[in-house]
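Engineer: Got a structure here, written out as structure tokens. Questions coming.
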2 protein chains.
Amino acid sequence: MEYKPKEVLLKNGTPCLLKSPGPGDASAILRLMSQTSEETSYMSRYADEIKISIHHEQDFLSSLLRSQKDLMICAVVDGKIIANAGINPIALYERYAHRATFGISICKAYWGLGIGSQLLSAIIRGAREMGYEQLELEVVSENERGLALYKKFGFEIYGTREYCFKYRDGSYASAHLMMVRL
Amino acid sequence: MEYKPKEVLLKNGTPCLLKSPGPGDASAILRLMSQTSEETSYMSRYADEIKISIHHEQDFLSSLLRSQKDLMICAVVDGKIIANAGINPIALYERYAHRATFGISICKAYWGLGIGSQLLSAIIRGAREMGYEQLELEVVSENERGLALYKKFGFEIYGTREYCFKYRDGSYASAHLMMVRL
């Protein structure tokens, strides 16, 4: 689904555009993925594991715009994509049609400005519009900012998975499983 | 990975062959999927949602035999495939390389003969051999036989997801999330 572009104001007064990225944003989205994967250990991949070609990402972003079950919204500040959030179906079988997964990433330099709340609020509206009944996510247990954001929007923890991530140094991170009914 | 074929005896004395299905078993595996999806409401799909072509299933089964991270083992009684079980990686990124998901299906006429235990025991050995550290699964909460089997092999519940399945009649089923360290 394509999100109708909307300008919002950040906590520091800076204007921020929320929009669905199109194929022309492919390289910016790939850069964002690499940067946010470098900045924390909360993402699913190491930055050097992001090996998606621009052409592939262009096709992927185009397919999201046409999809009735997927939605990506990015945040643009000063012409630069500095955050994005997305929902995807859990699975394409009927028994799962009411469930969507959610993920978000924000460049560290833009933390604390309310971008997470703006994106999550837009995503929840989009999820309802697409007919989903619930939104689910996993968050690394030590990611306190993420956890606080999700709780603010009604997500509740229904399980904690130990040994969720194993890092290259051999250490592990656990993750909370969270859900909100829409 | 290919499982080295092994004959075991069921509780009623019937011989049962455990083996990795090959491309020649594609139609039998598809029939098993349809039948087990008909027999209970514990599977991820309705039987009429299984629309895989034999050719596609042949390719899929061939790829599993070559894979270093996937394993499928089926149970053959009187020359007929009546159960299967499989493990697959959670995701192909490094942070997930220690985790595998597990699934199993057994034709109802063969319940209670110990086939689940034989398959799970073989799968756990295979998972260790492939270097996995933990095996994870989801089981519909009301599936008491499944739950008892998994607990017997050390799986523990770390969360319960409400509204996991939504059926065509509008009712829901919850699922327990379980894990065993290997």
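Please note that chains go A, B, ... in the order of the structure tokens, that every chain numbers its residues from 1, and that ligands are numbered from 1 in the order shown.
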Would you mind writing down, as a ChimeraX atom specification, each residue of segment 29-147 of chain B that DSSP on the backbone assigns to alpha helix (DSSP H)?
Structural biologist: /B:29-39,54-66,115-129,144-147
Engineer: Using only C-alpha atoms and a cut-off of 7 Å, which residues of chain B sit close to chain A? Please list them as a short mmCIF file (atom, residue, chain, number, x, y, z; two decimals) with N, CA, C and O atoms, in the first residue's frame.
Structural biologist:
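File produced: selection24.cif:
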```
data_model
loop_
_atom_site.label_atom_id
_atom_site.label_comp_id
_atom_site.auth_asym_id
_atom_site.auth_seq_id
_atom_site.Cartn_x
_atom_site.Cartn_y
_atom_site.Cartn_z
N SER B 44 -0.69 -25.20 9.64
CA SER B 44 -0.69 -23.78 9.27
C SER B 44 -1.64 -23.46 8.12
O SER B 44 -2.02 -22.32 7.93
N ARG B 45 -2.03 -24.47 7.35
CA ARG B 45 -2.88 -24.22 6.18
C ARG B 45 -4.14 -25.07 6.18
O ARG B 45 -4.15 -26.19 6.71
N TYR B 93 20.72 -15.06 8.37
CA TYR B 93 21.71 -14.10 8.85
C TYR B 93 22.48 -14.70 10.03
O TYR B 93 21.98 -15.56 10.75
N ARG B 95 23.28 -13.75 12.99
CA ARG B 95 22.76 -13.67 14.37
C ARG B 95 21.73 -14.76 14.67
O ARG B 95 21.39 -14.99 15.81
N TYR B 96 21.22 -15.40 13.60
CA TYR B 96 20.21 -16.46 13.75
C TYR B 96 20.77 -17.85 13.46
O TYR B 96 20.01 -18.82 13.48
N TYR B 158 8.03 -20.66 26.41
CA TYR B 158 8.55 -19.35 26.81
C TYR B 158 7.58 -18.22 26.44
O TYR B 158 7.90 -17.04 26.64
N GLY B 159 6.43 -18.57 25.96
CA GLY B 159 5.43 -17.55 25.65
C GLY B 159 4.19 -18.21 25.08
O GLY B 159 4.25 -19.35 24.61
N THR B 160 3.07 -17.51 25.16
CA THR B 160 1.83 -18.02 24.56
C THR B 160 1.23 -16.90 23.74
O THR B 160 0.98 -15.81 24.26
N ARG B 161 1.07 -17.16 22.46
CA ARG B 161 0.54 -16.14 21.57
C ARG B 161 -0.97 -16.33 21.40
O ARG B 161 -1.41 -17.33 20.84
N PHE B 165 -3.97 -18.34 15.30
CA PHE B 165 -4.70 -18.74 14.09
C PHE B 165 -6.08 -18.13 14.14
O PHE B 165 -6.71 -18.08 15.20
N LYS B 166 -6.56 -17.70 12.99
CA LYS B 166 -7.98 -17.32 12.87
C LYS B 166 -8.60 -18.26 11.83
O LYS B 166 -8.15 -18.30 10.68
N TYR B 167 -9.61 -18.99 12.25
CA TYR B 167 -10.24 -19.97 11.36
C TYR B 167 -11.34 -19.32 10.52
O TYR B 167 -11.80 -18.21 10.82
#
```
Engineer: Compile the contact shell of Leu182 of chain B as a PyMOL selection string: residues with an atom at most 9 Å away, counting only C-alpha atoms, same-chain residues fewer than 5 positions apart removed.
Structural biologist: chain B and resi 124-125+127-128+132-135
Engineer: Please write the residues from the selection above to a file, keeping N, CA, C and O atoms, as a compact mmCIF listing (two decimals), in the first residue's frame.
Structural biologist:
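Everything below was put into result05.txt:
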```txt
# COMPACT_ATOMS: atom_id res chain seq x y z
N ILE B 124 16.49 -34.29 16.45
CA ILE B 124 17.38 -33.64 17.42
C ILE B 124 18.84 -34.03 17.16
O ILE B 124 19.74 -33.19 17.18
N ARG B 125 19.05 -35.30 16.84
CA ARG B 125 20.43 -35.72 16.49
C ARG B 125 20.91 -34.96 15.25
O ARG B 125 22.03 -34.47 15.20
N ALA B 127 19.90 -32.07 14.12
CA ALA B 127 20.09 -30.65 14.43
C ALA B 127 21.45 -30.42 15.09
O ALA B 127 22.16 -29.46 14.75
N ARG B 128 21.79 -31.30 16.01
CA ARG B 128 23.11 -31.18 16.66
C ARG B 128 24.22 -31.34 15.62
O ARG B 128 25.19 -30.58 15.61
N TYR B 132 23.33 -26.68 15.08
CA TYR B 132 22.35 -25.82 15.75
C TYR B 132 22.50 -25.92 17.26
O TYR B 132 22.87 -26.97 17.78
N GLU B 133 22.17 -24.83 17.94
CA GLU B 133 22.23 -24.81 19.41
C GLU B 133 20.86 -24.96 20.04
O GLU B 133 20.74 -25.27 21.23
N GLN B 134 19.82 -24.64 19.29
CA GLN B 134 18.47 -24.74 19.88
C GLN B 134 17.44 -25.01 18.79
O GLN B 134 17.63 -24.66 17.62
N LEU B 135 16.36 -25.64 19.21
CA LEU B 135 15.27 -26.02 18.32
C LEU B 135 14.01 -25.35 18.86
O LEU B 135 13.77 -25.38 20.08
```
Engineer: Excluding Gly13 of chain B and any residue of its chain fewer than 5 positions from it, enumerate the residues within 12 Å of it, using only C-alpha atoms, and give them as an mmCIF file with N, CA, C and O atoms, in the first residue's frame.
Structural biologist:
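Contents of result34.cif, as written:
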```
data_model
loop_
_atom_site.group_PDB
_atom_site.id
_atom_site.type_symbol
_atom_site.label_atom_id
_atom_site.label_comp_id
_atom_site.auth_asym_id
_atom_site.auth_seq_id
_atom_site.Cartn_x
_atom_site.Cartn_y
_atom_site.Cartn_z
ATOM 1 N N GLU B 7 15.687 -48.355 10.167
ATOM 2 C CA GLU B 7 14.407 -48.996 10.475
ATOM 3 C C GLU B 7 14.224 -49.048 11.984
ATOM 4 O O GLU B 7 15.145 -49.395 12.723
ATOM 5 N N VAL B 8 13.026 -48.671 12.428
ATOM 6 C CA VAL B 8 12.692 -48.726 13.859
ATOM 7 C C VAL B 8 11.417 -49.562 14.003
ATOM 8 O O VAL B 8 10.703 -49.805 13.031
ATOM 9 N N VAL B 77 5.547 -46.620 6.529
ATOM 10 C CA VAL B 77 4.998 -47.874 7.057
ATOM 11 C C VAL B 77 4.285 -48.582 5.912
ATOM 12 O O VAL B 77 3.482 -47.961 5.196
ATOM 13 N N LEU B 113 1.538 -44.501 18.235
ATOM 14 C CA LEU B 113 2.448 -45.638 17.992
ATOM 15 C C LEU B 113 3.913 -45.275 18.253
ATOM 16 O O LEU B 113 4.805 -46.086 18.006
ATOM 17 N N GLY B 114 4.144 -44.066 18.727
ATOM 18 C CA GLY B 114 5.524 -43.674 19.033
ATOM 19 C C GLY B 114 6.273 -43.053 17.861
ATOM 20 O O GLY B 114 7.481 -42.814 17.953
ATOM 21 N N ILE B 115 5.565 -42.784 16.770
ATOM 22 C CA ILE B 115 6.237 -42.222 15.587
ATOM 23 C C ILE B 115 6.783 -40.818 15.868
ATOM 24 O O ILE B 115 7.888 -40.471 15.442
#
```
Engineer: Output the coordinates of chain A after least-squares fitting to chain B on all in-order C-alpha pairs, as a compact mmCIF listing (two decimals) with C-alpha atoms, in the first residue's frame.
Structural biologist:
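File produced: selection_9.txt:
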```txt
# COMPACT_ATOMS: atom_id res chain seq x y z
CA MET A 1 21.19 -32.79 4.86
CA GLU A 2 20.27 -36.36 4.00
CA TYR A 3 19.32 -38.63 6.88
CA LYS A 4 20.83 -42.11 6.70
CA PRO A 5 17.81 -44.47 6.44
CA LYS A 6 17.03 -46.41 9.61
CA GLU A 7 14.40 -48.99 10.46
CA VAL A 8 12.67 -48.73 13.84
CA LEU A 9 9.89 -50.74 15.47
CA LEU A 10 6.63 -49.05 16.42
CA LYS A 11 4.85 -49.74 19.71
CA ASN A 12 2.63 -52.33 18.02
CA GLY A 13 5.64 -54.14 16.53
CA THR A 14 5.22 -52.78 13.00
CA PRO A 15 8.50 -51.90 11.26
CA CYS A 16 8.83 -48.27 10.22
CA LEU A 17 11.51 -46.78 7.97
CA LEU A 18 12.85 -43.33 8.74
CA LYS A 19 14.47 -41.62 5.73
CA SER A 20 14.85 -38.28 4.00
CA PRO A 21 12.28 -38.05 1.22
CA GLY A 22 13.81 -37.62 -2.23
CA PRO A 23 12.33 -36.06 -5.38
CA GLY A 24 10.58 -39.36 -6.14
CA ASP A 25 8.51 -38.92 -2.96
CA ALA A 26 7.09 -35.54 -3.99
CA SER A 27 3.53 -36.69 -4.67
CA ALA A 28 3.44 -38.78 -1.47
CA ILE A 29 4.62 -35.79 0.59
CA LEU A 30 1.98 -33.53 -0.98
CA ARG A 31 -0.71 -36.12 -0.21
CA LEU A 32 0.51 -36.32 3.39
CA MET A 33 0.35 -32.52 3.72
CA SER A 34 -3.23 -32.46 2.43
CA GLN A 35 -4.34 -35.33 4.61
CA THR A 36 -2.83 -34.04 7.87
CA SER A 37 -4.20 -30.55 7.13
CA GLU A 38 -7.68 -32.11 6.75
CA GLU A 39 -7.47 -34.18 9.92
CA THR A 40 -6.78 -31.49 12.52
CA SER A 41 -6.91 -27.72 12.88
CA TYR A 42 -3.32 -27.63 14.15
CA MET A 43 -1.57 -27.16 10.81
CA SER A 44 -0.71 -23.79 9.27
CA ARG A 45 -2.87 -24.23 6.18
CA TYR A 46 -6.27 -25.42 5.12
CA ALA A 47 -5.90 -28.44 2.84
CA ASP A 48 -7.29 -26.45 -0.11
CA GLU A 49 -4.45 -23.94 0.31
CA ILE A 50 -1.82 -26.55 -0.57
CA LYS A 51 -1.36 -25.77 -4.24
CA ILE A 52 2.25 -26.84 -4.74
CA SER A 53 2.99 -28.52 -8.08
CA ILE A 54 4.71 -31.91 -8.07
CA HIS A 55 7.55 -30.41 -10.10
CA HIS A 56 8.09 -27.66 -7.53
CA GLU A 57 8.00 -30.16 -4.66
CA GLN A 58 10.54 -32.38 -6.47
CA ASP A 59 12.93 -29.43 -6.74
CA PHE A 60 12.31 -28.50 -3.11
CA LEU A 61 13.01 -32.01 -1.82
CA SER A 62 16.20 -32.18 -3.91
CA SER A 63 17.37 -28.86 -2.48
CA LEU A 64 16.78 -30.11 1.09
CA LEU A 65 19.07 -33.10 0.47
CA ARG A 66 21.87 -30.74 -0.60
CA SER A 67 21.27 -28.19 2.18
CA GLN A 68 23.63 -27.91 5.15
CA LYS A 69 20.93 -26.24 7.28
CA ASP A 70 17.72 -28.12 6.44
CA LEU A 71 16.65 -31.64 7.22
CA MET A 72 13.43 -33.54 6.51
CA ILE A 73 12.80 -37.06 7.76
CA CYS A 74 9.69 -39.03 6.86
CA ALA A 75 8.27 -42.21 8.35
CA VAL A 76 7.31 -45.03 5.97
CA VAL A 77 4.99 -47.87 7.06
CA ASP A 78 3.97 -50.62 4.63
CA GLY A 79 5.58 -48.63 1.82
CA LYS A 80 3.51 -45.51 2.52
CA ILE A 81 4.75 -42.18 3.89
CA ILE A 82 2.56 -41.55 6.94
CA ALA A 83 4.48 -38.85 8.80
CA ASN A 84 7.22 -36.32 8.35
CA ALA A 85 9.22 -33.86 10.37
CA GLY A 86 11.62 -31.14 9.41
CA ILE A 87 13.95 -28.46 10.62
CA ASN A 88 14.83 -25.27 8.85
CA PRO A 89 16.95 -22.27 9.79
CA ILE A 90 15.05 -19.38 11.39
CA ALA A 91 16.81 -16.93 9.06
CA LEU A 92 19.96 -16.93 6.98
CA TYR A 93 21.71 -14.10 8.85
CA GLU A 94 24.58 -14.77 11.22
CA ARG A 95 22.75 -13.67 14.37
CA TYR A 96 20.21 -16.45 13.74
CA ALA A 97 22.60 -19.20 12.64
CA HIS A 98 22.26 -21.07 15.98
CA ARG A 99 18.46 -21.38 15.75
CA ALA A 100 16.28 -23.87 13.85
CA THR A 101 12.51 -24.25 13.63
CA PHE A 102 10.84 -27.62 13.87
CA GLY A 103 7.55 -28.95 12.49
CA ILE A 104 5.94 -32.38 12.40
CA SER A 105 2.81 -34.00 10.96
CA ILE A 106 1.51 -37.53 11.46
CA CYS A 107 -1.53 -39.15 9.82
CA LYS A 108 -4.21 -39.60 12.46
CA ALA A 109 -4.50 -43.36 11.86
CA TYR A 110 -0.89 -43.67 13.07
CA TRP A 111 -1.13 -41.59 16.24
CA GLY A 112 -0.17 -43.29 19.51
CA LEU A 113 2.44 -45.64 17.99
CA GLY A 114 5.53 -43.67 19.05
CA ILE A 115 6.24 -42.22 15.59
CA GLY A 116 6.47 -38.69 16.97
CA SER A 117 9.15 -39.72 19.47
CA GLN A 118 11.13 -41.62 16.82
CA LEU A 119 11.05 -38.67 14.43
CA LEU A 120 11.83 -36.07 17.08
CA SER A 121 14.72 -38.11 18.42
CA ALA A 122 16.20 -38.40 14.89
CA ILE A 123 15.61 -34.70 14.21
CA ILE A 124 17.38 -33.63 17.42
CA ARG A 125 20.43 -35.71 16.49
CA GLY A 126 20.41 -34.16 13.01
CA ALA A 127 20.08 -30.64 14.42
CA ARG A 128 23.12 -31.18 16.67
CA GLU A 129 25.06 -32.59 13.71
CA MET A 130 24.25 -29.49 11.65
CA GLY A 131 25.59 -27.30 14.45
CA TYR A 132 22.35 -25.81 15.74
CA GLU A 133 22.22 -24.82 19.40
CA GLN A 134 18.48 -24.74 19.86
CA LEU A 135 15.27 -26.01 18.31
CA GLU A 136 12.10 -23.93 18.39
CA LEU A 137 8.48 -24.56 17.55
CA GLU A 138 4.94 -23.31 17.89
CA VAL A 139 2.15 -25.62 18.93
CA VAL A 140 -1.58 -24.86 19.02
CA SER A 141 -2.40 -24.68 22.74
CA GLU A 142 -5.15 -27.30 22.57
CA ASN A 143 -2.87 -29.85 20.84
CA GLU A 144 -2.22 -31.83 24.02
CA ARG A 145 -0.53 -34.77 22.30
CA GLY A 146 1.94 -32.47 20.59
CA LEU A 147 2.59 -30.57 23.78
CA ALA A 148 3.26 -33.79 25.73
CA LEU A 149 5.68 -34.99 23.04
CA TYR A 150 7.66 -31.76 23.03
CA LYS A 151 7.84 -31.61 26.83
CA LYS A 152 9.12 -35.19 26.89
CA PHE A 153 12.06 -34.04 24.75
CA GLY A 154 12.85 -31.06 26.96
CA PHE A 155 11.03 -28.27 25.11
CA GLU A 156 9.85 -25.51 27.43
CA ILE A 157 7.15 -22.90 26.88
CA TYR A 158 8.54 -19.36 26.81
CA GLY A 159 5.42 -17.55 25.65
CA THR A 160 1.84 -18.02 24.56
CA ARG A 161 0.54 -16.14 21.56
CA GLU A 162 -3.17 -15.42 21.71
CA TYR A 163 -5.02 -15.10 18.39
CA CYS A 164 -2.35 -17.09 16.59
CA PHE A 165 -4.69 -18.75 14.10
CA LYS A 166 -7.97 -17.33 12.85
CA TYR A 167 -10.23 -19.96 11.36
CA ARG A 168 -12.77 -19.54 8.59
CA ASP A 169 -15.61 -19.63 11.15
CA GLY A 170 -14.11 -16.55 12.86
CA SER A 171 -12.79 -18.41 15.92
CA TYR A 172 -9.17 -18.22 17.08
CA ALA A 173 -6.54 -20.59 18.46
CA SER A 174 -3.61 -19.58 20.63
CA ALA A 175 -0.17 -21.18 20.36
CA HIS A 176 2.59 -21.97 22.81
CA LEU A 177 6.10 -20.98 21.79
CA MET A 178 8.56 -23.67 22.84
CA MET A 179 12.32 -24.11 22.76
CA VAL A 180 14.89 -26.73 23.69
CA ARG A 181 18.63 -26.09 23.98
CA LEU A 182 20.59 -28.85 22.26
```
Engineer: Please identify which residues in chain A DSSP calls strand (DSSP E or B) from the backbone, and express them as a VMD selection string.
Structural biologist: chain A and resid 6 to 9 15 to 19 71 to 77 80 to 89 99 to 106 134 to 140 156 to 166 172 to 181
